[in-house]
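Containing mmCIF, C-alpha atoms: target09.cif.
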```cif
data_start
#
loop_
_atom_site.group_PDB
_atom_site.id
_atom_site.type_symbol
_atom_site.label_atom_id
_atom_site.label_comp_id
_atom_site.auth_asym_id
_atom_site.auth_seq_id
_atom_site.Cartn_x
_atom_site.Cartn_y
_atom_site.Cartn_z
ATOM 1 C CA MET A 33 50.756 14.712 42.047
ATOM 2 C CA SER A 34 49.458 15.874 45.421
ATOM 3 C CA LEU A 35 46.025 15.291 46.888
ATOM 4 C CA CYS A 36 45.581 19.049 46.658
ATOM 5 C CA GLN A 37 45.926 18.865 42.870
ATOM 6 C CA ARG A 38 43.422 16.003 42.668
ATOM 7 C CA GLU A 39 40.956 17.916 44.816
ATOM 8 C CA GLU A 40 41.393 20.934 42.538
ATOM 9 C CA GLU A 41 40.643 18.763 39.515
ATOM 10 C CA CYS A 42 37.546 17.324 41.197
ATOM 11 C CA GLN A 43 36.323 20.829 41.957
ATOM 12 C CA CYS A 44 36.806 21.848 38.321
ATOM 13 C CA LEU A 45 34.822 18.780 37.210
ATOM 14 C CA VAL A 46 31.967 19.579 39.596
ATOM 15 C CA GLU A 47 31.877 23.186 38.391
ATOM 16 C CA LYS A 48 31.833 22.171 34.717
ATOM 17 C CA ILE A 49 28.933 19.785 35.280
ATOM 18 C CA GLY A 50 27.213 22.422 37.432
ATOM 19 C CA GLU A 51 27.285 24.857 34.514
ATOM 20 C CA THR A 52 24.731 22.654 32.747
ATOM 21 C CA LYS A 53 22.198 23.647 35.466
ATOM 22 C CA GLY A 54 20.562 20.234 35.526
ATOM 23 C CA GLY A 55 20.062 20.011 31.776
ATOM 24 C CA PRO A 56 20.910 16.980 29.628
ATOM 25 C CA VAL A 57 24.656 16.437 29.473
ATOM 26 C CA ALA A 58 27.040 13.848 28.043
ATOM 27 C CA VAL A 59 29.010 13.400 31.261
ATOM 28 C CA GLN A 60 31.723 11.361 29.549
ATOM 29 C CA ASP A 61 32.765 14.570 27.775
ATOM 30 C CA TYR A 62 33.676 15.960 31.197
ATOM 31 C CA ILE A 63 34.851 12.889 33.093
ATOM 32 C CA PHE A 64 37.537 11.661 30.701
ATOM 33 C CA PRO A 65 39.326 15.031 30.358
ATOM 34 C CA SER A 66 39.225 15.344 34.140
ATOM 35 C CA THR A 67 40.741 11.930 34.877
ATOM 36 C CA SER A 68 43.290 12.462 32.121
ATOM 37 C CA ASN A 69 44.186 15.775 33.753
ATOM 38 C CA ASN A 70 44.997 13.897 36.956
ATOM 39 C CA ILE A 71 47.587 11.881 35.053
ATOM 40 C CA ALA A 72 48.861 14.963 33.201
ATOM 41 C CA ALA A 73 49.464 16.687 36.550
ATOM 42 C CA LEU A 74 51.331 13.613 37.789
ATOM 43 C CA VAL A 75 53.659 13.188 34.804
ATOM 44 C CA TYR A 76 53.748 16.613 33.101
ATOM 45 C CA GLY A 77 53.374 18.761 36.217
ATOM 46 C CA SER A 78 50.202 20.668 35.368
ATOM 47 C CA ARG A 79 46.586 20.249 34.393
ATOM 48 C CA TYR A 80 45.102 21.779 31.264
ATOM 49 C CA PRO A 81 41.763 23.644 31.285
ATOM 50 C CA PHE A 82 39.090 21.736 29.374
ATOM 51 C CA GLU A 83 39.190 24.244 26.506
ATOM 52 C CA HIS A 84 43.010 24.326 26.270
ATOM 53 C CA PRO A 85 44.412 23.203 22.873
ATOM 54 C CA ARG A 86 46.737 20.708 24.577
ATOM 55 C CA ARG A 87 43.839 19.242 26.540
ATOM 56 C CA ARG A 88 41.778 18.785 23.382
ATOM 57 C CA TYR A 89 44.752 17.334 21.512
ATOM 58 C CA LEU A 90 45.427 14.757 24.242
ATOM 59 C CA ASP A 91 41.730 13.904 24.521
ATOM 60 C CA GLU A 92 41.423 13.215 20.797
ATOM 61 C CA LEU A 93 44.701 11.290 20.661
ATOM 62 C CA LEU A 94 43.917 9.081 23.658
ATOM 63 C CA SER A 95 40.301 8.591 22.582
ATOM 64 C CA GLU A 96 41.378 7.288 19.168
ATOM 65 C CA LEU A 97 44.032 5.090 20.788
ATOM 66 C CA PHE A 98 41.601 3.534 23.290
ATOM 67 C CA LYS A 99 39.016 3.011 20.557
ATOM 68 C CA ALA A 100 41.550 1.081 18.485
ATOM 69 C CA ILE A 101 42.843 -0.932 21.453
ATOM 70 C CA ARG A 102 39.432 -2.224 22.504
ATOM 71 C CA ALA A 103 38.093 -2.828 18.993
ATOM 72 C CA GLY A 104 38.067 -6.347 17.584
ATOM 73 C CA THR A 105 38.626 -6.841 13.858
ATOM 74 C CA LEU A 106 38.229 -9.704 11.407
ATOM 75 C CA VAL A 107 41.948 -9.454 10.624
ATOM 76 C CA GLU A 108 42.760 -10.982 14.016
ATOM 77 C CA PHE A 109 40.985 -14.210 13.026
ATOM 78 C CA LEU A 110 42.869 -14.695 9.760
ATOM 79 C CA PRO A 111 45.815 -17.113 9.401
ATOM 80 C CA PRO A 112 49.102 -15.601 10.679
ATOM 81 C CA PHE A 113 50.707 -15.154 7.240
ATOM 82 C CA VAL A 114 47.610 -13.318 5.914
ATOM 83 C CA ARG A 115 47.344 -11.259 9.104
ATOM 84 C CA LYS A 116 50.960 -10.139 8.725
ATOM 85 C CA ILE A 117 50.334 -8.865 5.187
ATOM 86 C CA VAL A 118 46.978 -7.205 5.907
ATOM 87 C CA SER A 119 48.282 -5.527 9.081
ATOM 88 C CA LYS A 120 50.510 -3.314 6.943
ATOM 89 C CA LEU A 121 47.491 -1.585 5.411
ATOM 90 C CA PRO A 122 47.000 1.997 6.717
ATOM 91 C CA SER A 123 43.507 1.512 8.167
ATOM 92 C CA THR A 124 44.053 -1.661 10.200
ATOM 93 C CA ARG A 125 43.755 -1.738 13.977
ATOM 94 C CA ARG A 126 47.442 -2.497 14.492
ATOM 95 C CA THR A 127 48.536 0.341 12.205
ATOM 96 C CA ILE A 128 46.281 2.823 13.990
ATOM 97 C CA ILE A 129 47.524 1.733 17.421
ATOM 98 C CA VAL A 130 51.187 2.010 16.404
ATOM 99 C CA SER A 131 50.546 5.388 14.773
ATOM 100 C CA LYS A 132 48.819 6.821 17.852
ATOM 101 C CA LEU A 133 51.416 5.381 20.219
ATOM 102 C CA MET A 134 54.223 6.992 18.221
ATOM 103 C CA GLU A 135 52.335 10.286 18.137
ATOM 104 C CA PHE A 136 51.903 10.163 21.915
ATOM 105 C CA ILE A 137 55.591 9.326 22.426
ATOM 106 C CA GLU A 138 56.630 12.257 20.236
ATOM 107 C CA TYR A 139 54.399 14.569 22.271
ATOM 108 C CA THR A 140 55.946 13.275 25.502
ATOM 109 C CA LYS A 141 59.456 13.718 24.086
ATOM 110 C CA GLY A 142 58.611 17.386 23.612
ATOM 111 C CA GLN A 143 57.482 17.574 27.229
ATOM 112 C CA VAL A 144 60.736 15.936 28.359
ATOM 113 C CA GLU A 145 62.829 18.459 26.435
ATOM 114 C CA GLU A 146 60.893 21.324 28.037
ATOM 115 C CA HIS A 147 61.525 19.784 31.456
ATOM 116 C CA LYS A 148 65.267 19.514 30.820
ATOM 117 C CA LYS A 149 65.437 23.265 30.139
ATOM 118 C CA THR A 150 63.515 24.325 33.255
ATOM 119 C CA MET A 151 64.313 21.622 35.816
ATOM 120 C CA ASP A 152 65.219 22.551 39.404
ATOM 121 C CA GLU A 153 67.857 20.200 40.829
ATOM 122 C CA HIS A 154 66.408 20.565 44.323
ATOM 123 C CA PHE A 155 62.721 20.068 43.554
ATOM 124 C CA ASN A 156 60.644 17.570 41.567
ATOM 125 C CA ARG A 157 57.636 19.113 39.888
ATOM 126 C CA ASP A 158 56.390 15.802 38.570
ATOM 127 C CA PHE A 159 57.254 12.263 37.513
ATOM 128 C CA ILE A 160 59.347 13.377 34.530
ATOM 129 C CA ASP A 161 61.563 15.566 36.718
ATOM 130 C CA GLY A 162 62.165 12.722 39.151
ATOM 131 C CA TYR A 163 62.879 10.182 36.413
ATOM 132 C CA LEU A 164 65.298 12.473 34.559
ATOM 133 C CA LYS A 165 67.306 12.865 37.758
ATOM 134 C CA LYS A 166 67.397 9.093 38.187
ATOM 135 C CA ILE A 167 68.672 8.708 34.616
ATOM 136 C CA LYS A 168 71.485 11.160 35.345
ATOM 137 C CA GLU A 169 72.232 9.516 38.692
ATOM 138 C CA HIS A 170 72.701 6.104 37.040
ATOM 139 C CA GLU A 171 74.194 7.230 33.716
ATOM 140 C CA ASN A 172 77.471 5.369 34.376
ATOM 141 C CA ASP A 173 75.737 2.148 35.421
ATOM 142 C CA PRO A 174 75.463 -0.217 32.409
ATOM 143 C CA THR A 175 72.885 -2.335 34.262
ATOM 144 C CA SER A 176 70.595 0.590 35.096
ATOM 145 C CA ASN A 177 66.919 0.388 34.173
ATOM 146 C CA PHE A 178 66.579 4.175 34.309
ATOM 147 C CA LEU A 179 66.659 4.836 30.577
ATOM 148 C CA PRO A 180 64.923 7.430 28.348
ATOM 149 C CA ARG A 181 62.899 4.763 26.532
ATOM 150 C CA PHE A 182 61.593 3.445 29.852
ATOM 151 C CA LEU A 183 60.576 6.976 30.814
ATOM 152 C CA MET A 184 58.400 7.098 27.696
ATOM 153 C CA GLY A 185 56.972 3.677 28.482
ATOM 154 C CA ASN A 186 56.129 4.648 32.049
ATOM 155 C CA VAL A 187 54.353 7.844 31.007
ATOM 156 C CA LEU A 188 52.360 5.895 28.422
ATOM 157 C CA SER A 189 51.468 3.258 31.030
ATOM 158 C CA PHE A 190 50.217 5.903 33.444
ATOM 159 C CA PHE A 191 47.876 7.364 30.826
ATOM 160 C CA ILE A 192 46.617 4.026 29.508
ATOM 161 C CA ALA A 193 46.126 2.463 32.949
ATOM 162 C CA GLY A 194 44.981 5.528 34.849
ATOM 163 C CA SER A 195 42.779 7.721 32.676
ATOM 164 C CA ASN A 196 40.212 5.681 30.750
ATOM 165 C CA THR A 197 39.733 3.039 33.469
ATOM 166 C CA VAL A 198 39.060 5.615 36.180
ATOM 167 C CA ALA A 199 36.767 7.584 33.862
ATOM 168 C CA VAL A 200 34.688 4.493 33.066
ATOM 169 C CA THR A 201 34.421 3.586 36.762
ATOM 170 C CA ILE A 202 33.248 7.085 37.723
ATOM 171 C CA HIS A 203 30.783 6.999 34.821
ATOM 172 C CA TRP A 204 29.302 3.742 36.137
ATOM 173 C CA HIS A 205 29.029 5.227 39.633
ATOM 174 C CA MET A 206 27.100 8.237 38.326
ATOM 175 C CA LEU A 207 24.739 6.025 36.331
ATOM 176 C CA ASN A 208 24.171 3.714 39.287
ATOM 177 C CA PHE A 209 23.514 6.577 41.696
ATOM 178 C CA ALA A 210 21.136 8.274 39.253
ATOM 179 C CA ASN A 211 19.258 4.997 38.871
ATOM 180 C CA ASN A 212 18.974 4.612 42.657
ATOM 181 C CA ALA A 213 18.671 8.217 43.753
ATOM 182 C CA ASP A 214 16.299 7.656 46.692
ATOM 183 C CA THR A 215 18.163 4.692 48.151
ATOM 184 C CA LEU A 216 21.822 4.189 47.281
ATOM 185 C CA GLN A 217 22.617 7.800 46.389
ATOM 186 C CA ALA A 218 20.720 9.146 49.393
ATOM 187 C CA ARG A 219 22.612 6.889 51.807
ATOM 188 C CA VAL A 220 26.009 7.843 50.391
ATOM 189 C CA GLN A 221 25.068 11.533 50.445
ATOM 190 C CA GLN A 222 23.984 11.244 54.071
ATOM 191 C CA GLU A 223 27.288 9.639 55.046
ATOM 192 C CA ILE A 224 29.273 12.304 53.209
ATOM 193 C CA ASP A 225 27.227 15.081 54.841
ATOM 194 C CA GLU A 226 27.800 13.601 58.297
ATOM 195 C CA VAL A 227 31.556 13.193 57.869
ATOM 196 C CA VAL A 228 32.516 15.975 55.463
ATOM 197 C CA GLY A 229 29.654 18.444 55.502
ATOM 198 C CA ARG A 230 29.035 20.792 52.588
ATOM 199 C CA GLU A 231 31.713 23.389 53.208
ATOM 200 C CA ARG A 232 34.705 21.396 51.936
ATOM 201 C CA GLN A 233 35.659 18.511 49.658
ATOM 202 C CA PRO A 234 36.193 14.948 50.886
ATOM 203 C CA THR A 235 39.827 14.105 51.615
ATOM 204 C CA TRP A 236 41.732 10.828 51.476
ATOM 205 C CA GLU A 237 41.664 10.597 55.283
ATOM 206 C CA ASP A 238 37.842 10.835 55.328
ATOM 207 C CA ARG A 239 37.554 7.373 53.786
ATOM 208 C CA ASN A 240 38.185 5.745 57.169
ATOM 209 C CA LYS A 241 34.980 7.321 58.486
ATOM 210 C CA MET A 242 32.812 6.511 55.445
ATOM 211 C CA PRO A 243 32.467 2.711 55.317
ATOM 212 C CA PHE A 244 29.374 2.621 53.107
ATOM 213 C CA THR A 245 30.893 4.986 50.546
ATOM 214 C CA MET A 246 34.058 2.889 50.433
ATOM 215 C CA ALA A 247 31.978 -0.282 50.157
ATOM 216 C CA CYS A 248 30.232 1.241 47.112
ATOM 217 C CA ILE A 249 33.615 1.936 45.516
ATOM 218 C CA TRP A 250 34.804 -1.617 46.125
ATOM 219 C CA GLU A 251 31.546 -3.121 44.912
ATOM 220 C CA MET A 252 31.641 -1.105 41.687
ATOM 221 C CA TYR A 253 35.163 -2.401 41.041
ATOM 222 C CA ARG A 254 33.713 -5.906 41.304
ATOM 223 C CA TRP A 255 30.292 -5.408 39.699
ATOM 224 C CA LYS A 256 31.494 -3.573 36.588
ATOM 225 C CA THR A 257 35.007 -4.880 36.116
ATOM 226 C CA VAL A 258 36.650 -2.311 33.850
ATOM 227 C CA SER A 259 39.468 -4.623 32.725
ATOM 228 C CA PRO A 260 37.917 -8.110 32.402
ATOM 229 C CA LEU A 261 41.287 -9.634 31.550
ATOM 230 C CA GLY A 262 44.191 -8.549 33.732
ATOM 231 C CA VAL A 263 47.723 -7.566 32.809
ATOM 232 C CA PRO A 264 49.488 -10.470 31.029
ATOM 233 C CA ARG A 265 52.268 -12.134 33.011
ATOM 234 C CA GLY A 266 55.095 -14.434 31.998
ATOM 235 C CA ALA A 267 56.038 -17.606 33.850
ATOM 236 C CA GLY A 268 59.588 -17.119 35.133
ATOM 237 C CA GLU A 269 60.192 -20.846 35.447
ATOM 238 C CA ASP A 270 58.536 -24.195 34.803
ATOM 239 C CA THR A 271 55.794 -24.703 37.366
ATOM 240 C CA VAL A 272 52.748 -26.804 38.193
ATOM 241 C CA PHE A 273 49.504 -25.232 39.374
ATOM 242 C CA ASP A 274 46.462 -27.372 40.234
ATOM 243 C CA ASP A 275 47.880 -30.256 38.178
ATOM 244 C CA TYR A 276 48.466 -27.952 35.195
ATOM 245 C CA TYR A 277 52.022 -27.862 33.873
ATOM 246 C CA ILE A 278 53.033 -24.317 32.904
ATOM 247 C CA PRO A 279 56.338 -24.097 30.973
ATOM 248 C CA LYS A 280 58.736 -21.229 31.523
ATOM 249 C CA GLY A 281 57.918 -18.299 29.242
ATOM 250 C CA THR A 282 54.186 -19.066 29.044
ATOM 251 C CA THR A 283 51.980 -15.975 28.869
ATOM 252 C CA ILE A 284 49.403 -16.024 31.662
ATOM 253 C CA ILE A 285 46.337 -13.779 31.493
ATOM 254 C CA PRO A 286 44.239 -13.564 34.681
ATOM 255 C CA ASN A 287 40.473 -13.690 34.082
ATOM 256 C CA VAL A 288 39.465 -10.932 36.501
ATOM 257 C CA TRP A 289 35.831 -10.891 35.367
ATOM 258 C CA ALA A 290 35.441 -14.602 36.163
ATOM 259 C CA VAL A 291 36.779 -14.080 39.689
ATOM 260 C CA HIS A 292 34.488 -11.103 40.294
ATOM 261 C CA ASN A 293 31.446 -13.061 39.106
ATOM 262 C CA ASP A 294 32.180 -16.427 40.686
ATOM 263 C CA PRO A 295 29.090 -17.514 42.705
ATOM 264 C CA THR A 296 31.310 -19.595 44.986
ATOM 265 C CA LEU A 297 33.061 -16.393 46.078
ATOM 266 C CA TRP A 298 30.204 -13.882 45.932
ATOM 267 C CA GLU A 299 26.552 -14.312 46.828
ATOM 268 C CA GLU A 300 24.380 -13.177 43.891
ATOM 269 C CA PRO A 301 27.350 -11.754 41.941
ATOM 270 C CA SER A 302 25.114 -10.072 39.341
ATOM 271 C CA LYS A 303 23.607 -7.876 42.069
ATOM 272 C CA PHE A 304 25.144 -4.569 43.190
ATOM 273 C CA ASP A 305 25.380 -4.977 46.953
ATOM 274 C CA PRO A 306 27.900 -2.808 48.860
ATOM 275 C CA THR A 307 26.960 -4.450 52.167
ATOM 276 C CA ARG A 308 28.880 -7.576 51.122
ATOM 277 C CA PHE A 309 31.981 -5.580 52.110
ATOM 278 C CA MET A 310 30.628 -4.529 55.496
ATOM 279 C CA ASN A 311 30.561 -6.162 58.910
ATOM 280 C CA LYS A 312 27.337 -6.504 60.888
ATOM 281 C CA ASP A 313 28.308 -3.483 62.997
ATOM 282 C CA GLY A 314 28.470 -1.287 59.873
ATOM 283 C CA THR A 315 32.260 -1.135 59.602
ATOM 284 C CA LEU A 316 34.205 -1.917 56.458
ATOM 285 C CA ILE A 317 35.707 -5.380 56.114
ATOM 286 C CA GLN A 318 39.474 -5.224 56.599
ATOM 287 C CA PRO A 319 41.641 -6.164 54.891
ATOM 288 C CA LYS A 320 40.186 -5.992 51.398
ATOM 289 C CA PRO A 321 39.011 -9.458 50.251
ATOM 290 C CA GLU A 322 41.839 -11.148 48.362
ATOM 291 C CA TYR A 323 39.535 -12.040 45.478
ATOM 292 C CA LEU A 324 38.658 -8.398 44.783
ATOM 293 C CA ILE A 325 41.305 -7.794 42.113
ATOM 294 C CA PRO A 326 40.224 -4.842 39.896
ATOM 295 C CA PHE A 327 43.851 -3.916 39.208
ATOM 296 C CA SER A 328 44.825 -7.465 38.251
ATOM 297 C CA ILE A 329 47.152 -9.575 40.401
ATOM 298 C CA GLY A 330 50.828 -9.598 41.266
ATOM 299 C CA GLU A 331 53.253 -7.424 43.189
ATOM 300 C CA THR A 332 53.389 -4.613 40.623
ATOM 301 C CA THR A 333 49.666 -3.929 40.943
ATOM 302 C CA LEU A 334 49.951 -2.543 44.490
ATOM 303 C CA GLU A 335 50.835 1.019 43.485
ATOM 304 C CA PHE A 336 48.159 1.023 40.763
ATOM 305 C CA TYR A 337 45.635 -0.102 43.387
ATOM 306 C CA LYS A 338 46.627 2.666 45.800
ATOM 307 C CA ARG A 339 46.601 5.349 43.107
ATOM 308 C CA GLY A 340 43.393 4.156 41.460
ATOM 309 C CA LEU A 341 41.565 3.906 44.772
ATOM 310 C CA SER A 342 42.712 7.338 45.930
ATOM 311 C CA ILE A 343 41.611 8.995 42.675
ATOM 312 C CA ALA A 344 38.222 7.257 42.756
ATOM 313 C CA ASN A 345 37.744 8.109 46.430
ATOM 314 C CA VAL A 346 38.569 11.810 46.127
ATOM 315 C CA GLY A 347 36.491 11.900 42.935
#
```

I'd like the structure from this file rewritten - as structure tokens, please.
Amino acid sequence: MSLCQREEECQCLVEKIGETKGGPVAVQDYIFPSTSNNIAALVYGSRYPFEHPRRRYLDELLSELFKAIRAGTLVEFLPPFVRKIVSKLPSTRRTIIVSKLMEFIEYTKGQVEEHKKTMDEHFNRDFIDGYLKKIKEHENDPTSNFLPRFLMGNVLSFFIAGSNTVAVTIHWHMLNFANNADTLQARVQQEIDEVVGRERQPTWEDRNKMPFTMACIWEMYRWKTVSPLGVPRGAGEDTVFDDYYIPKGTTIIPNVWAVHNDPTLWEEPSKFDPTRFMNKDGTLIQPKPEYLIPFSIGETTLEFYKRGLSIANVG
């Protein structure tokens, strides 16, 4: 997905909100479809207008899936043997999650079949096109990781990791700016006006000239950590960390929220303060502090960081 496509999506979002003419509006009804459209353009090759049947179908499907994923249930606190029996009931959290995941995979399979019929060997329209070519390129390699089932898993990961999280972050930004219209919002608006003006949209390159705006983005990642617990990891070998013995195969879950709210790392962590990321001369601290980890930790988080930051910045 190109920056041009993201800028187009941002413009559509601004226009949809503008149609309310300042009246009361449930902004989440606009933000989530917009961020989901960014991912749809990346993997499926096109965005869907807000009123499009496919857009509404995906919104409802993903909304129900996210609701089930983040919901806690009493079943999870029952003994394992009871939990195993109860989880087979049609209305349990696990059953709903599996059902929605399978429904999403079936939808994506349909998209893949459409791509196979219309694919151009010399041009990649989207992620699916590129992955299908990699599958064909490695079809005679028994050790290849380019497999159809991994294509489905990657598409699912993009939507789960890149739509709801970005939508929630943007929602928090809008609430925070509205609550501090004469101070925080005014300063960001002034910086945008000075660098971008009002005749065009901000671009990815503009971020280097807008330190306060970028500091606000970083601080929101810290202040309202969207994923309090990071992506689970597995210990590849027996190891010792700070006198703790960690056997090979142990599941390790990073506590991102604890890091972002640690008073030994951040002064007054409960306070929203973008200037903590700025030097005395008004420039942005570089590189990003190592303990700002909104996209979890580990090597595989780098691309998610780049993509998440670019979407939030252009947004």

What does the distance from CA of Lys148 (chain A) to CA of Asn196 (chain A) come to in Å, to one decimal?
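A separation of 28.6 Å between them.
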
Env of Gln318 (chain A): 10 Å cut, atoms = only C-alpha atoms, seq-sep filter 4 positions within chain, self excluded. Answer as an mmCIF file with C-alpha atoms, keeping the file's coordinate frame.
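As a result, part04.cif now contains:
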```
data_model
loop_
_atom_site.group_PDB
_atom_site.id
_atom_site.type_symbol
_atom_site.label_atom_id
_atom_site.label_comp_id
_atom_site.auth_asym_id
_atom_site.auth_seq_id
_atom_site.Cartn_x
_atom_site.Cartn_y
_atom_site.Cartn_z
ATOM 1 C CA PHE A 309 31.981 -5.580 52.110
ATOM 2 C CA MET A 310 30.628 -4.529 55.496
ATOM 3 C CA ASN A 311 30.561 -6.162 58.910
#
```

Which is closest to Lys99 (chain A) among A:Gly266, A:Ile129, A:Asp173, A:Val272, if we use only C-alpha atoms?
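Ranking A:Gly266, A:Ile129, A:Asp173, A:Val272 by distance to Lys99 (chain A), first place goes to A:Ile129.
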
If the PyMOL selection byres ((chain A and resi 233) around 10) is run on the structure shown, which residues does it catch, given as a ChimeraX atom specification?
/A:39-40,42-43,224,228-232,234-236,238,346-347

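The gap separating CA of Pro264 (chain A) from CA of Thr283 (chain A) is 6.4 Å, in Å to one decimal.
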
Write out as a list of chain:residue names the residues lying within 7 Å of Pro306 (chain A), counting all atoms listed in the file and excluding same-chain residues fewer than 2 positions away.
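Surrounding residues, per the criterion: A:Ala247, A:Cys248, A:Glu251, A:Phe304, A:Arg308, A:Phe309.
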
For the residues selected in the previous step, produce a file with C-alpha atoms as a PDB file, in the coordinates of the input.
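Writing the result to part_33.pdb gives the following:
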```pdb
ATOM      1  CA  ALA A 247      31.978  -0.282  50.157  1.00  0.00           C
ATOM      2  CA  CYS A 248      30.232   1.241  47.112  1.00  0.00           C
ATOM      3  CA  GLU A 251      31.546  -3.121  44.912  1.00  0.00           C
ATOM      4  CA  PHE A 304      25.144  -4.569  43.190  1.00  0.00           C
ATOM      5  CA  ARG A 308      28.880  -7.576  51.122  1.00  0.00           C
ATOM      6  CA  PHE A 309      31.981  -5.580  52.110  1.00  0.00           C
TER       7      PHE A 309
END
```

For Thr315 (chain A), the nearest of the candidates A:Arg157, A:Lys116, A:Arg125, A:Lys241, counting only C-alpha atoms:
A:Lys241

Suppose you want the space between CA of Val130 (chain A) and CA of Gly268 (chain A); what is it in Å?
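So the two atoms, CA of Val130 (chain A) and CA of Gly268 (chain A), lie 28.1 Å apart.
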
At a cut-off of 10 Å, using only C-alpha atoms, what residues contact region 143-146 of chain A? Leave out same-chain residues fewer than 3 positions from it and give the result as a PyMOL selection string.
chain A and resi 75-77+137-140+149-151+160-161+164+180+183-184

Okay, now the selection with C-alpha atoms, as a compact mmCIF listing (two decimals), in the coordinates of the input?
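The result, written out as result.txt:
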```
# COMPACT_ATOMS: atom_id res chain seq x y z
CA VAL A 75 53.66 13.19 34.80
CA TYR A 76 53.75 16.61 33.10
CA GLY A 77 53.37 18.76 36.22
CA ILE A 137 55.59 9.33 22.43
CA GLU A 138 56.63 12.26 20.24
CA TYR A 139 54.40 14.57 22.27
CA THR A 140 55.95 13.28 25.50
CA LYS A 149 65.44 23.26 30.14
CA THR A 150 63.52 24.32 33.26
CA MET A 151 64.31 21.62 35.82
CA ILE A 160 59.35 13.38 34.53
CA ASP A 161 61.56 15.57 36.72
CA LEU A 164 65.30 12.47 34.56
CA PRO A 180 64.92 7.43 28.35
CA LEU A 183 60.58 6.98 30.81
CA MET A 184 58.40 7.10 27.70
```

When the PyMOL selection byres ((chain A and resi 87) around 12) is applied to the file above, which residues end up in the set, as a PyMOL selection string?
chain A and resi 62+64-73+78-86+88-95

Centre and edge lengths of an axis-aligned box around all listed atoms of region 271-278 of chain A, with 8 Å added on each side, are to be given in Å to one decimal, as JSON.
```
{"center_x": 51.1, "center_y": -27.3, "center_z": 36.6, "size_x": 25.3, "size_y": 21.9, "size_z": 23.3}
```

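The shortest atom-to-atom distance to Asn240 (chain A), with all atoms listed in the file taken into account, belongs to A:Glu223 out of A:Ile284, A:Glu223, A:Phe159, A:Arg254.
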
Please provide the set of residues having any atom within 8 Å of Gly262 (chain A), restricted to all atoms listed in the file, with same-chain residues fewer than 5 positions apart removed, written as a PyMOL selection string.
chain A and resi 285-288+327-329
